[in-house]
Structure formats: structure tokens, C-alpha cells
file my_file_18.cif (mmCIF, C-alpha atoms and all ligand atoms)
data_run
loop_
_atom_site.label_atom_id
_atom_site.label_comp_id
_atom_site.auth_asym_id
_atom_site.auth_seq_id
_atom_site.Cartn_x
_atom_site.Cartn_y
_atom_site.Cartn_z
CA MET A 1 70.52 87.97 72.93
CA SER A 2 70.44 91.76 72.90
CA GLN A 3 73.62 93.70 72.16
CA PRO A 4 75.47 95.07 75.22
CA GLU A 5 74.94 98.81 75.62
CA ARG A 6 77.65 101.40 75.11
CA ASN A 7 78.63 103.86 77.81
CA ILE A 8 79.81 107.03 76.08
CA ILE A 9 82.21 109.04 78.24
CA ASN A 10 83.01 112.57 77.03
CA MET A 11 86.36 114.13 77.82
CA ASP A 12 84.75 117.53 78.49
CA ASP A 13 82.40 115.99 81.07
CA LEU A 14 85.29 114.19 82.74
CA LEU A 15 87.38 117.37 82.92
CA ALA A 16 84.45 119.28 84.40
CA SER A 17 83.72 116.61 87.03
CA ASP A 18 84.57 117.01 90.71
CA GLY A 19 86.44 113.97 92.06
CA LYS A 20 90.18 113.75 92.64
CA THR A 21 92.36 110.72 93.09
CA ASN A 22 94.76 110.29 96.00
CA VAL A 23 97.39 108.57 93.86
CA LEU A 24 97.30 107.18 90.33
CA PHE A 25 99.58 104.12 90.26
CA VAL A 26 100.63 102.98 86.79
CA ASN A 27 102.45 99.90 85.59
CA TYR A 28 103.92 99.88 82.10
CA ASP A 29 104.18 96.19 81.36
CA ASN A 30 107.04 95.19 79.06
CA GLU A 31 106.86 91.67 80.47
CA ALA A 32 110.42 91.35 81.83
CA PHE A 33 113.10 93.14 83.87
CA MET A 34 114.32 95.06 80.84
CA ASN A 35 116.81 97.73 81.97
CA THR A 36 118.84 95.12 83.84
CA GLY A 37 119.08 92.70 80.90
CA ILE A 38 115.75 91.06 79.94
CA GLN A 39 115.24 88.78 82.95
CA GLU A 40 111.95 86.90 83.41
CA SER A 41 109.25 88.42 85.65
CA GLY A 42 105.87 87.27 86.96
CA SER A 43 104.42 89.06 83.97
CA THR A 44 106.45 87.29 81.28
CA PRO A 45 104.09 85.15 79.18
CA PRO A 46 104.55 81.36 78.92
CA HIS A 47 107.27 80.19 76.50
CA ALA A 48 108.70 83.69 75.93
CA SER A 49 112.47 83.69 75.73
CA THR A 50 114.35 85.82 78.28
CA THR A 51 118.00 85.79 79.37
CA THR A 52 117.06 83.81 82.51
CA GLY A 53 114.83 81.38 80.60
CA PRO A 54 116.15 81.29 77.04
CA GLY A 55 113.98 79.40 74.55
CA GLY A 56 115.65 76.45 72.86
CA GLU A 57 115.03 72.85 71.92
CA LYS A 58 114.85 71.44 75.46
CA ILE A 59 113.25 74.34 77.35
CA PRO A 60 110.69 76.39 75.42
CA GLY A 61 111.28 79.71 77.25
CA LYS A 62 109.34 80.63 80.40
CA ILE A 63 107.78 77.74 82.25
CA GLY A 64 104.76 79.18 84.05
CA ILE A 65 101.94 81.61 83.49
CA LYS A 66 101.56 85.34 83.00
CA GLN A 67 99.94 86.41 86.25
CA ASP A 68 96.65 88.27 86.32
CA LEU A 69 97.39 91.44 88.22
CA ILE A 70 94.40 93.75 87.97
CA THR A 71 91.37 91.52 88.55
CA PRO A 72 92.28 90.47 92.13
CA PHE A 73 92.60 94.16 93.10
CA GLY A 74 88.86 94.47 92.45
CA PHE A 75 88.10 92.04 95.26
CA PHE A 76 89.97 93.46 98.23
CA GLY A 77 86.87 95.32 99.38
CA THR A 78 88.36 98.82 99.06
CA LYS A 79 86.05 101.80 99.40
CA SER A 80 86.76 103.47 96.06
CA LEU A 81 89.09 102.37 93.31
CA PHE A 82 89.49 102.75 89.55
CA LEU A 83 91.31 99.89 87.78
CA ALA A 84 91.96 99.60 84.06
CA THR A 85 94.16 98.13 81.34
CA VAL A 86 95.29 100.30 78.43
CA ASN A 87 97.36 100.05 75.26
CA PRO A 88 99.08 103.02 73.53
CA ALA A 89 97.80 101.63 70.19
CA TYR A 90 94.37 102.80 71.44
CA PRO A 91 95.15 106.35 72.57
CA ASN A 92 91.59 107.63 73.08
CA ASP A 93 90.86 104.77 75.44
CA LEU A 94 94.21 105.27 77.20
CA MET A 95 93.89 109.02 77.68
CA GLY A 96 90.22 108.79 78.66
CA LYS A 97 91.04 106.24 81.33
CA VAL A 98 93.88 108.38 82.72
CA MET A 99 91.55 111.39 82.93
CA GLU A 100 88.85 109.33 84.63
CA ALA A 101 91.40 107.78 87.01
CA LEU A 102 92.63 111.22 88.08
CA LYS A 103 89.02 112.29 88.63
CA THR A 104 88.10 109.25 90.73
CA ASN A 105 88.02 109.57 94.52
CA GLY A 106 90.14 106.97 96.26
CA SER A 107 93.04 105.71 94.20
CA ALA A 108 93.55 104.26 90.76
CA PHE A 109 95.73 101.69 89.10
CA ILE A 110 96.28 101.52 85.35
CA GLN A 111 98.30 98.84 83.61
CA SER A 112 99.60 99.56 80.12
CA PHE A 113 100.76 97.18 77.43
CA SER A 114 104.31 98.32 76.78
CA ASP A 115 106.10 97.07 73.70
CA CYS A 116 109.86 96.52 74.05
CA MET A 117 111.63 96.22 70.71
CA ARG A 118 114.94 95.41 72.41
CA GLY A 119 113.71 92.68 74.77
CA TRP A 120 111.01 91.27 72.48
CA ARG A 121 113.32 91.42 69.51
CA HIS A 122 111.66 93.13 66.60
CA ASP A 123 112.28 96.27 64.51
CA ALA A 124 111.47 99.55 66.28
CA GLY A 125 109.14 100.51 63.42
CA GLU A 126 106.92 97.50 64.24
CA ALA A 127 106.07 98.67 67.77
CA VAL A 128 102.63 100.10 67.00
CA ASN A 129 101.65 97.12 64.82
CA VAL A 130 102.70 94.65 67.52
CA SER A 131 100.84 96.67 70.19
CA LYS A 132 97.67 96.83 68.13
CA LEU A 133 97.81 93.11 67.36
CA ALA A 134 98.14 92.36 71.10
CA THR A 135 94.67 93.73 71.80
CA ASP A 136 93.09 92.68 68.49
CA CYS A 137 94.11 89.01 68.95
CA GLY A 138 92.72 88.87 72.50
CA TYR A 139 96.09 88.82 74.29
CA TRP A 140 95.69 92.26 75.91
CA PRO A 141 92.00 93.00 76.53
CA LEU A 142 91.06 96.56 77.44
CA TYR A 143 88.79 96.57 80.47
CA THR A 144 87.89 98.56 83.57
CA ILE A 145 86.84 97.79 87.12
CA ARG A 146 85.22 100.61 89.08
CA VAL A 147 84.99 99.78 92.78
CA LYS A 148 82.38 101.72 94.71
CA ASP A 149 81.80 100.96 98.40
CA GLY A 150 83.51 97.62 98.11
CA MET A 151 81.71 96.31 95.02
CA PRO A 152 83.58 95.92 91.71
CA VAL A 153 81.75 96.88 88.51
CA PHE A 154 83.30 95.48 85.31
CA SER A 155 83.23 96.99 81.84
CA TYR A 156 85.34 96.67 78.70
CA TYR A 157 86.27 98.26 75.41
CA ARG A 158 87.71 95.45 73.24
CA GLY A 159 90.01 92.43 73.05
CA LEU A 160 88.00 89.80 74.94
CA GLU A 161 87.76 87.39 72.00
CA ILE A 162 90.68 85.24 70.85
CA ASP A 163 91.43 85.48 67.13
CA LYS A 164 93.75 82.52 66.60
CA GLU A 165 95.13 83.69 63.28
CA LYS A 166 96.02 87.12 64.65
CA PHE A 167 97.38 85.51 67.81
CA GLU A 168 99.89 83.48 65.79
CA GLN A 169 100.76 86.57 63.79
CA PHE A 170 101.34 88.42 67.08
CA LEU A 171 103.68 85.69 68.39
CA LYS A 172 105.47 85.41 65.05
CA SER A 173 106.20 89.14 64.96
CA MET A 174 108.60 88.89 67.91
CA GLY A 175 112.02 87.20 68.19
CA ARG A 176 111.26 86.17 71.78
CA PHE A 177 108.89 83.51 70.32
CA ARG A 178 111.01 82.57 67.30
CA HIS A 179 111.95 79.17 68.83
CA LEU A 180 108.25 78.21 68.59
CA PHE A 181 108.28 78.63 64.80
CA ARG A 182 111.82 77.58 63.84
CA PRO A 183 113.46 75.10 63.25
CA LYS A 184 110.09 73.43 63.66
CA PHE A 185 106.55 74.59 64.29
CA ARG A 186 105.78 73.86 67.98
CA GLU A 187 102.02 73.63 67.91
CA LYS A 188 101.66 72.35 71.48
CA GLU A 189 103.49 75.33 73.00
CA ILE A 190 101.71 77.87 70.79
CA ASP A 191 98.36 76.32 71.70
CA GLU A 192 99.31 76.48 75.38
CA ILE A 193 99.92 80.24 75.26
CA ILE A 194 96.58 80.71 73.54
CA TYR A 195 94.86 78.35 75.99
CA TYR A 196 96.06 80.22 79.11
CA THR A 197 95.10 83.54 77.54
CA GLU A 198 91.66 82.20 76.68
CA GLN A 199 91.18 80.96 80.24
CA ARG A 200 92.03 84.43 81.55
CA ASN A 201 89.54 85.98 79.10
CA ASN A 202 86.88 83.42 80.08
CA ARG A 203 87.30 84.36 83.75
CA LEU A 204 86.99 87.99 82.76
CA LYS A 205 83.83 87.38 80.72
CA ALA A 206 82.27 85.49 83.63
CA LEU A 207 83.06 88.42 85.92
CA ILE A 208 81.53 90.87 83.42
CA GLU A 209 78.47 88.62 83.35
CA LYS A 210 78.24 88.60 87.15
CA PHE A 211 79.56 92.06 88.10
CA GLY A 212 79.05 93.93 84.81
CA ALA A 213 77.97 97.55 84.44
CA GLU A 214 74.51 98.22 83.09
CA LYS A 215 76.16 99.61 79.97
CA PRO A 216 79.27 97.40 79.84
CA ILE A 217 81.09 98.86 76.81
CA ASP A 218 83.06 102.03 77.60
CA ILE A 219 83.75 104.40 74.73
CA TYR A 220 85.80 107.52 75.50
CA ARG A 221 85.21 110.52 73.27
CA ILE A 222 88.39 112.57 73.28
CA ASN A 223 88.24 116.05 71.86
CA ARG A 224 91.57 116.08 69.99
CA LYS A 225 91.25 119.76 69.08
CA LYS A 226 91.27 120.68 72.76
CA LEU A 227 94.10 118.34 73.68
CA GLN A 228 97.33 120.22 74.46
CA PRO A 229 100.70 118.58 73.62
CA GLN A 230 102.20 117.21 76.83
CA TYR A 231 104.92 119.23 78.54
CA HIS A 232 105.70 117.13 81.65
CA LEU A 233 108.36 115.02 79.94
CA GLN A 234 110.86 116.61 77.59
CA PRO A 235 112.12 115.00 74.39
CA GLY A 236 115.73 113.84 74.41
CA HIS A 237 115.35 111.14 77.04
CA GLY A 238 117.11 107.83 76.50
CA LEU A 239 114.24 105.41 75.90
CA CYS A 240 114.74 103.19 72.81
CA PRO A 241 113.22 104.16 69.44
CA GLY A 242 109.65 102.83 69.32
CA CYS A 243 109.65 102.14 73.09
CA GLY A 244 106.14 101.31 74.28
CA ALA A 245 106.85 102.89 77.67
CA GLY A 246 107.73 106.13 75.83
CA MET A 247 104.42 106.03 73.96
CA PHE A 248 102.61 105.33 77.21
CA LEU A 249 104.34 108.16 79.12
CA ASN A 250 103.59 110.58 76.29
CA GLN A 251 99.86 109.78 76.35
CA LEU A 252 99.79 109.57 80.15
CA ALA A 253 101.34 113.03 80.47
CA THR A 254 99.03 114.46 77.79
CA ALA A 255 95.94 113.30 79.69
CA ALA A 256 97.41 114.19 83.08
CA GLY A 257 98.31 117.69 81.87
CA MET A 258 94.70 118.28 80.84
CA VAL A 259 93.52 117.44 84.37
CA ALA A 260 96.36 118.64 86.58
CA GLY A 261 98.20 121.28 84.58
CA ASN A 262 101.58 121.63 86.27
CA ASN A 263 100.34 120.72 89.73
CA ILE A 264 101.67 117.19 89.62
CA ILE A 265 104.44 115.05 91.11
CA TYR A 266 105.69 111.85 89.48
CA VAL A 267 107.31 109.08 91.53
CA ASN A 268 109.29 106.47 89.62
CA ASN A 269 110.53 103.03 90.69
CA THR A 270 113.91 101.95 89.33
CA SER A 271 113.25 100.82 85.75
CA CYS A 272 113.74 101.77 82.09
CA THR A 273 111.58 104.88 82.48
CA GLU A 274 113.65 105.95 85.46
CA VAL A 275 117.18 105.35 84.13
CA SER A 276 116.29 106.81 80.73
CA THR A 277 114.81 110.04 82.05
CA SER A 278 117.53 110.78 84.61
CA LYS A 279 120.74 110.29 82.68
CA ASP A 280 123.93 111.91 84.00
CA ASN A 281 121.96 113.57 86.78
CA VAL A 282 119.94 115.54 84.26
CA SER A 283 116.22 115.00 84.58
CA SER A 284 113.96 114.96 81.53
CA TRP A 285 111.01 116.03 83.63
CA ASN A 286 109.64 119.60 83.66
CA VAL A 287 107.63 118.91 86.81
CA PRO A 288 108.76 117.48 90.18
CA TRP A 289 109.88 113.87 89.82
CA VAL A 290 111.13 111.50 92.53
CA HIS A 291 113.08 108.31 91.97
CA HIS A 292 112.76 105.73 94.70
CA LEU A 293 113.99 102.16 95.21
CA PHE A 294 113.00 99.43 92.76
CA GLU A 295 110.24 98.23 95.08
CA SER A 296 109.04 101.08 97.27
CA GLY A 297 108.00 104.01 95.07
CA ALA A 298 104.32 103.28 95.70
CA THR A 299 104.80 103.91 99.43
CA ILE A 300 106.63 107.16 98.73
CA ALA A 301 103.90 108.31 96.34
CA GLU A 302 101.30 107.59 99.00
CA ALA A 303 103.37 109.35 101.66
CA ILE A 304 103.73 112.50 99.53
CA SER A 305 100.02 112.57 98.82
CA THR A 306 99.05 112.02 102.46
CA ALA A 307 101.60 114.54 103.75
CA TYR A 308 100.10 117.27 101.56
CA LYS A 309 96.62 116.48 102.91
CA ILE A 310 97.80 116.56 106.53
CA LEU A 311 99.55 119.89 105.96
CA LYS A 312 96.40 121.19 104.31
CA SER A 313 94.12 120.07 107.15
CA LYS A 314 96.50 121.71 109.67
CA GLU A 315 96.46 124.89 107.56
CA LEU A 316 100.22 124.66 107.06
CA TYR A 317 99.90 124.55 103.28
CA SER A 318 97.73 126.92 101.30
CA GLY A 319 98.20 125.67 97.73
CA GLU A 320 96.14 123.05 95.96
CA VAL A 321 97.10 119.47 96.87
CA PRO A 322 99.09 118.15 93.89
CA TYR A 323 98.16 115.15 91.75
CA ILE A 324 100.51 112.23 92.29
CA ILE A 325 101.35 109.59 89.68
CA HIS A 326 103.48 106.58 90.53
CA ILE A 327 105.22 104.75 87.66
CA GLY A 328 106.52 101.19 87.97
CA GLY A 329 107.73 98.47 85.60
CA ASP A 330 106.36 94.93 85.77
CA GLY A 331 109.33 93.66 87.80
CA SER A 332 108.64 96.24 90.49
CA THR A 333 104.89 95.70 90.30
CA TYR A 334 104.35 91.92 90.10
CA ASP A 335 107.43 90.73 91.92
CA ILE A 336 109.63 92.88 94.13
CA GLY A 337 107.25 95.67 95.14
CA PHE A 338 103.87 93.95 94.94
CA GLN A 339 103.29 94.25 98.69
CA PHE A 340 104.23 97.96 98.64
CA LEU A 341 101.86 98.65 95.76
CA LYS A 342 99.04 96.55 97.17
CA SER A 343 99.25 98.20 100.60
CA ALA A 344 99.53 101.74 99.22
CA LEU A 345 96.56 101.07 96.96
CA MET A 346 94.47 99.74 99.84
CA ARG A 347 95.38 102.62 102.19
CA THR A 348 94.80 105.39 99.68
CA SER A 349 91.53 103.84 98.47
CA SER A 350 90.08 103.20 101.90
CA PHE A 351 91.88 104.67 104.92
CA VAL A 352 92.44 108.09 103.36
CA GLU A 353 88.88 108.10 102.02
CA MET A 354 87.45 107.22 105.43
CA ASN A 355 89.50 109.81 107.34
CA GLU A 356 87.76 113.17 107.59
CA TYR A 357 91.04 115.01 108.21
CA LEU A 358 92.42 113.78 104.92
CA SER A 359 89.41 114.45 102.77
CA ASN A 360 90.28 117.99 101.72
CA GLN A 361 92.21 117.93 98.48
CA LYS A 362 91.39 121.31 97.05
C1 LIG B 1 115.95 95.10 95.66
C2 LIG B 1 116.52 95.28 94.30
N1 LIG B 1 116.74 94.20 93.54
C3 LIG B 1 117.23 94.35 92.30
C4 LIG B 1 117.53 95.59 91.82
C5 LIG B 1 118.11 95.76 90.44
N2 LIG B 1 117.07 96.20 89.54
C6 LIG B 1 116.87 97.50 89.25
S1 LIG B 1 115.64 97.73 88.15
C7 LIG B 1 115.38 96.07 88.03
C8 LIG B 1 114.36 95.48 87.10
C9 LIG B 1 113.27 96.38 86.69
O1 LIG B 1 112.33 95.68 85.93
P1 LIG B 1 110.94 96.35 85.64
O2 LIG B 1 110.34 96.80 86.91
O3 LIG B 1 110.15 95.42 84.82
O4 LIG B 1 111.33 97.64 84.80
P2 LIG B 1 111.97 97.72 83.32
O5 LIG B 1 113.45 97.65 83.49
O6 LIG B 1 111.44 96.57 82.53
O7 LIG B 1 111.55 99.04 82.80
C10 LIG B 1 116.23 95.37 88.86
C11 LIG B 1 116.27 93.90 88.97
C12 LIG B 1 117.30 96.70 92.65
N3 LIG B 1 117.53 97.96 92.24
N4 LIG B 1 116.81 96.52 93.90
MG MG B 2 109.70 95.43 82.81
#
call {"tool": "encode", "arguments": {"input": "my_file_18.cif", "output": "C-alpha cells"}}
result
Amino acid sequence: MSQPERNIINMDDLLASDGKTNVLFVNYDNEAFMNTGIQESGSTPPHASTTTGPGGEKIPGKIGIKQDLITPFGFFGTKSLFLATVNPAYPNDLMGKVMEALKTNGSAFIQSFSDCMRGWRHDAGEAVNVSKLATDCGYWPLYTIRVKDGMPVFSYYRGLEIDKEKFEQFLKSMGRFRHLFRPKFREKEIDEIIYYTEQRNNRLKALIEKFGAEKPIDIYRINRKKLQPQYHLQPGHGLCPGCGAGMFLNQLATAAGMVAGNNIIYVNNTSCTEVSTSKDNVSSWNVPWVHHLFESGATIAEAISTAYKILKSKELYSGEVPYIIHIGGDGSTYDIGFQFLKSALMRTSSFVEMNEYLSNQK
């Protein structure tokens, strides 16, 4: 069989391109309701210990699966949509995807692996190692779905193959899986986690086979010399040392700054990133930032974006329509808030795109 071809995407070409997203929705996935005390979510992996499903001798942590969030979004038949998974341990891929998302007409949704030293129980200094292992062992594959006129086109960067040795190392590195290794080695449960992950990857490979891009491997070339340090989010916020969400926000804002400059509004669901960047009524954000309810930030982000376009088409606003980024945790993305996100994503990827009065974003 011939090797799959690589699709090289240059940052300079992306920045020079014309498109503009209606809203970029992001989910940083730390796999539980963390700021409220490490409760299980639809994203928590099987057998992980949380405060609502603690792992012990009788019950081995979460009973159930980690839901697949992104793939189904590719099949709603939207007009134009950019979907991708990212991991801060792979910053070029992450920042390239954010730039491309912001340059894609319609809307975009990016889901980031988001290490949580507090809830996953490991030393803060291990965060990057754990994050890197997650993709390298096949647990967190990095892939993209570009929807154009209703058809999803799949591509990937890495992490589709399961490496069993690294997978065990990944599980072992976190206290939330300690009950699978001590007092005795629970092979059945460990194999189950790997099995469900492998099934997810097999589905993904089949979709790449069926709906794959001509050149299915995406490689982003990021010109680090041109990259400006981000200035949207100030240091001094209250996220934990080594917090994966902090790493994600830093890279997100770096890439977003390159595309949008200061012309950007962030909307944040209730979550770690929200409580930690708005302590004592002092915001850590240098650009406009809106906190909305746990579940409904996606609707607000969409409303802000659409309102600007209506004002623009009525000639009541003369500035450039701002970029909008919505940030949600996994609790407010998978569980309470899924319908808000799903509907906002569908509207901004189809209705807004199909409405001539809302097309002007300049
Ligand atoms: C309707 C509603 N239910 C519950 C809460 C309490 N609450 C606030 S944030 C949160 C969990 C957030 O989890 P996630 O979205 O994963 O963000 P993280 O804390 O992990 O960053 C909960 C349960 C709320 N604010 N509103
Ligand atoms: Mg969470």
C-alpha cells in the first residue's frame, strides 16, 4: 500500500487567506466537572476515579464510556464547519488549527486535551509528559473534519494507533487510575479502557478510509519567529500550576491574536477557566470577555456574533465585525449545555452562512 500523502499548511498562507468564522467554539476537556469538586461527566473515561464514582475494590471508578463528541458533528449536514481535536503538547498543530478555524467560513469547534493535575492526581511538573503520552499512546488522536456543503472530509496528524505499553504508562501516571494497579493489577479493567479507545480509533480509521481527504495527513508549519506572545490573557490568573487549560488558553490566544489582533470577544461558560480568570471581580482578560451560565455561553456567543452582523448590514456599526471565541469545559459541553452548543453550531454554520444579510463580516 502506498503511504498516505501529507498536506502541508503554512501559517503565512493561512493568515493571508480570506475566510472568517462566525464563532469558534472550544472545549477544553479535563474529563470531569473540576471546579465544583471532580464530579464525573460524559467525558470521563471508563474506570477513572472521581468524587461521584470513586474507584475501589467493588466499583472500579466510572461505569460507562467516554463519549465521542466531535465525530457526530461532522454528520449533521451543516453547510460549512471546521472540527478538530488538539493537545497543548503539540503546539504547532494546536495553533495551526486555531488559525485555520478562525479563517474558515461557517463556524468551528475545537476540542483540546486538558490535563488536570488536581483532579487526575499527579505532580504539576508531569502535565506535559502526561499530555504527550495521551496522544502518543492512541488515547487522544489529533484529527480534523472539514465540512463543505454538507460533506465531511477527514484528516489526521497522529495518535490513531494504540501503543499498549505507552497506554499503561499513561494510566499509571495518574492517581485517578491507581486502583487499577494497586493493591492488585486489574488487567480486565485496563484492557477494557484500551478496548473502548481502540474501537473509537477503528471507527475513526474507517471514516478516514471512506471520507478521507486526498492528502489525509495535515502538517502545520508555524513560523515561530513571527509568532507574537499572546496578550489577551494576563498572567496572575488562578489556574493551578501545570493546568492543561492554562496551556491551551495560552496557545489559543497566541494563535487568535495573530489572526484577530485585539478585535476579539471571548465568552466563557462557568468552569475552571471562568472562575480562575475572574477572581474578586477582577478580570484577567485584556480584551472583552463575557461570563454566561454553565450551559448557555454558546448561545450568547452566537447572539453577539449575529448581532454585530445585523448592525453591520443595517449600517449601524462601522467597525470590523469582531472574532468570537466561546470557551466551555467538558461538563458544559457534553452534558448540561450540549443542546445549546449543538444548536449554536448548526445555526452559525448553516443559517448565518445561507443568509445574505448576515454574510458581511468585514
Ligand atoms: C445549571 C447548573 N448546574 C450546575 C452548576 C454548578 N456548576 C458550575 S460549573 C460546574 C461544572 C463545570 O464542569 P466543566 O464544564 O467540566 O468545567 P471545569 O470545572 O472542569 O473547568 C457545575 C456543576 C451551575 N452553575 N449551573
Ligand atoms: Mg471539566
call {"tool": "residues_near_ligand", "arguments": {"input": "my_file_18.cif", "ligand": "ligand MG 2 (chain B)", "cutoff": "7 Å", "atoms": "only C-alpha atoms and all ligand atoms", "output": "PyMOL selection string"}}
result
chain A and resi 29-34+329-331
call {"tool": "residues_near_point", "arguments": {"input": "my_file_18.cif", "point": "(100.5, 83.1, 66.2)", "cutoff": "12 Å", "atoms": "only C-alpha atoms", "output": "mmCIF file with C-alpha atoms, keeping the file's coordinate frame"}}
result
data_model
loop_
_atom_site.group_PDB
_atom_site.id
_atom_site.type_symbol
_atom_site.label_atom_id
_atom_site.label_comp_id
_atom_site.auth_asym_id
_atom_site.auth_seq_id
_atom_site.Cartn_x
_atom_site.Cartn_y
_atom_site.Cartn_z
ATOM 1 C CA VAL A 130 102.700 94.650 67.520
ATOM 2 C CA LEU A 133 97.810 93.110 67.360
ATOM 3 C CA ALA A 134 98.140 92.360 71.100
ATOM 4 C CA CYS A 137 94.110 89.010 68.950
ATOM 5 C CA GLY A 138 92.720 88.870 72.500
ATOM 6 C CA TYR A 139 96.090 88.820 74.290
ATOM 7 C CA ILE A 162 90.680 85.240 70.850
ATOM 8 C CA ASP A 163 91.430 85.480 67.130
ATOM 9 C CA LYS A 164 93.750 82.520 66.600
ATOM 10 C CA GLU A 165 95.130 83.690 63.280
ATOM 11 C CA LYS A 166 96.020 87.120 64.650
ATOM 12 C CA PHE A 167 97.380 85.510 67.810
ATOM 13 C CA GLU A 168 99.890 83.480 65.790
ATOM 14 C CA GLN A 169 100.760 86.570 63.790
ATOM 15 C CA PHE A 170 101.340 88.420 67.080
ATOM 16 C CA LEU A 171 103.680 85.690 68.390
ATOM 17 C CA LYS A 172 105.470 85.410 65.050
ATOM 18 C CA SER A 173 106.200 89.140 64.960
ATOM 19 C CA MET A 174 108.600 88.890 67.910
ATOM 20 C CA PHE A 177 108.890 83.510 70.320
ATOM 21 C CA ARG A 178 111.010 82.570 67.300
ATOM 22 C CA LEU A 180 108.250 78.210 68.590
ATOM 23 C CA PHE A 181 108.280 78.630 64.800
ATOM 24 C CA PHE A 185 106.550 74.590 64.290
ATOM 25 C CA ARG A 186 105.780 73.860 67.980
ATOM 26 C CA GLU A 187 102.020 73.630 67.910
ATOM 27 C CA GLU A 189 103.490 75.330 73.000
ATOM 28 C CA ILE A 190 101.710 77.870 70.790
ATOM 29 C CA ASP A 191 98.360 76.320 71.700
ATOM 30 C CA GLU A 192 99.310 76.480 75.380
ATOM 31 C CA ILE A 193 99.920 80.240 75.260
ATOM 32 C CA ILE A 194 96.580 80.710 73.540
#
call {"tool": "atom_distance", "arguments": {"input": "my_file_18.cif", "atom1": "CA of Val287 in chain A", "atom2": "CA of Asp93 in chain A"}}
result
24.7 Å
call {"tool": "axis_aligned_box", "arguments": {"input": "my_file_18.cif", "around": "ligand LIG 1 (chain B)", "padding_each_side": "3 Å", "output": "JSON"}}
result
{"center_x": 114.1, "center_y": 96.5, "center_z": 89.1, "size_x": 14.0, "size_y": 11.1, "size_z": 19.1}
call {"tool": "residues_near_ligand", "arguments": {"input": "my_file_18.cif", "ligand": "ligand LIG 1 (chain B)", "cutoff": "10 Å", "atoms": "all atoms listed in the file", "output": "ChimeraX atom specification"}}
result
/A:27-44,114,116,119,239,245,269-276,292-296,327-337
call {"tool": "closest_atom_pairs", "arguments": {"input": "my_file_18.cif", "of": "range 204-238 of chain A", "to": "range 75-84 of chain A", "cutoff": "12 Å", "atoms": "only C-alpha atoms", "output": "CSV"}}
result
residue,atom,partner,partner_atom,distance
A:Leu207,CA,A:Phe75,CA,11.2
A:Phe211,CA,A:Phe75,CA,11.1
A:Asp218,CA,A:Ala84,CA,11.3
call {"tool": "write_last_selection", "arguments": {"input": "my_file_18.cif", "atoms": "C-alpha atoms", "output": "compact mmCIF listing (two decimals), in the frame of the given file"}}
result
# COMPACT_ATOMS: atom_id res chain seq x y z
CA LEU A 207 83.06 88.42 85.92
CA PHE A 211 79.56 92.06 88.10
CA ASP A 218 83.06 102.03 77.60
call {"tool": "atom_distance", "arguments": {"input": "my_file_18.cif", "atom1": "CA of Gly74 in chain A", "atom2": "CA of Val153 in chain A"}}
result
8.5 Å
call {"tool": "residues_around", "arguments": {"input": "my_file_18.cif", "residues": "Asn262 in chain A", "least_positions_apart": "3", "cutoff": "10 Å", "atoms": "all atoms listed in the file", "output": "list in words"}}
result
Tyr231, His232, Ala256, Gly257, Met258, Val259, Ile265, Asn286, Val287, Pro288, Pro322 and Tyr323 of chain A
call {"tool": "write_last_selection", "arguments": {"input": "my_file_18.cif", "atoms": "C-alpha atoms", "output": "mmCIF file, in the frame of the given file"}}
result
data_model
loop_
_atom_site.group_PDB
_atom_site.id
_atom_site.type_symbol
_atom_site.label_atom_id
_atom_site.label_comp_id
_atom_site.auth_asym_id
_atom_site.auth_seq_id
_atom_site.Cartn_x
_atom_site.Cartn_y
_atom_site.Cartn_z
ATOM 1 C CA TYR A 231 104.920 119.230 78.540
ATOM 2 C CA HIS A 232 105.700 117.130 81.650
ATOM 3 C CA ALA A 256 97.410 114.190 83.080
ATOM 4 C CA GLY A 257 98.310 117.690 81.870
ATOM 5 C CA MET A 258 94.700 118.280 80.840
ATOM 6 C CA VAL A 259 93.520 117.440 84.370
ATOM 7 C CA ILE A 265 104.440 115.050 91.110
ATOM 8 C CA ASN A 286 109.640 119.600 83.660
ATOM 9 C CA VAL A 287 107.630 118.910 86.810
ATOM 10 C CA PRO A 288 108.760 117.480 90.180
ATOM 11 C CA PRO A 322 99.090 118.150 93.890
ATOM 12 C CA TYR A 323 98.160 115.150 91.750
#
call {"tool": "decode", "arguments": {"input": "my_file_18.cif", "residues": "range 296-322 of chain A", "atoms": "C-alpha atoms", "output": "mmCIF file, in the first residue's frame"}}
result
data_model
loop_
_atom_site.group_PDB
_atom_site.id
_atom_site.type_symbol
_atom_site.label_atom_id
_atom_site.label_comp_id
_atom_site.auth_asym_id
_atom_site.auth_seq_id
_atom_site.Cartn_x
_atom_site.Cartn_y
_atom_site.Cartn_z
ATOM 1 C CA SER A 296 -25.674 28.693 27.668
ATOM 2 C CA GLY A 297 -22.492 30.544 26.708
ATOM 3 C CA ALA A 298 -22.615 29.084 23.193
ATOM 4 C CA THR A 299 -25.962 30.797 22.556
ATOM 5 C CA ILE A 300 -24.612 34.098 23.858
ATOM 6 C CA ALA A 301 -21.508 33.818 21.675
ATOM 7 C CA GLU A 302 -23.710 33.192 18.664
ATOM 8 C CA ALA A 303 -26.005 36.074 19.594
ATOM 9 C CA ILE A 304 -23.087 38.517 19.895
ATOM 10 C CA SER A 305 -21.691 37.427 16.553
ATOM 11 C CA THR A 306 -25.062 37.647 14.798
ATOM 12 C CA ALA A 307 -25.935 40.991 16.397
ATOM 13 C CA TYR A 308 -22.742 42.543 15.025
ATOM 14 C CA LYS A 309 -23.589 41.273 11.533
ATOM 15 C CA ILE A 310 -27.144 42.625 11.690
ATOM 16 C CA LEU A 311 -25.874 46.019 12.873
ATOM 17 C CA LYS A 312 -23.325 45.965 10.070
ATOM 18 C CA SER A 313 -25.887 45.095 7.388
ATOM 19 C CA LYS A 314 -28.143 47.910 8.674
ATOM 20 C CA GLU A 315 -25.158 50.284 8.587
ATOM 21 C CA LEU A 316 -25.482 50.914 12.311
ATOM 22 C CA TYR A 317 -21.954 49.712 13.019
ATOM 23 C CA SER A 318 -18.939 50.811 11.030
ATOM 24 C CA GLY A 319 -16.125 48.813 12.636
ATOM 25 C CA GLU A 320 -14.932 45.374 11.645
ATOM 26 C CA VAL A 321 -17.111 42.543 12.990
ATOM 27 C CA PRO A 322 -15.148 41.037 15.904
#
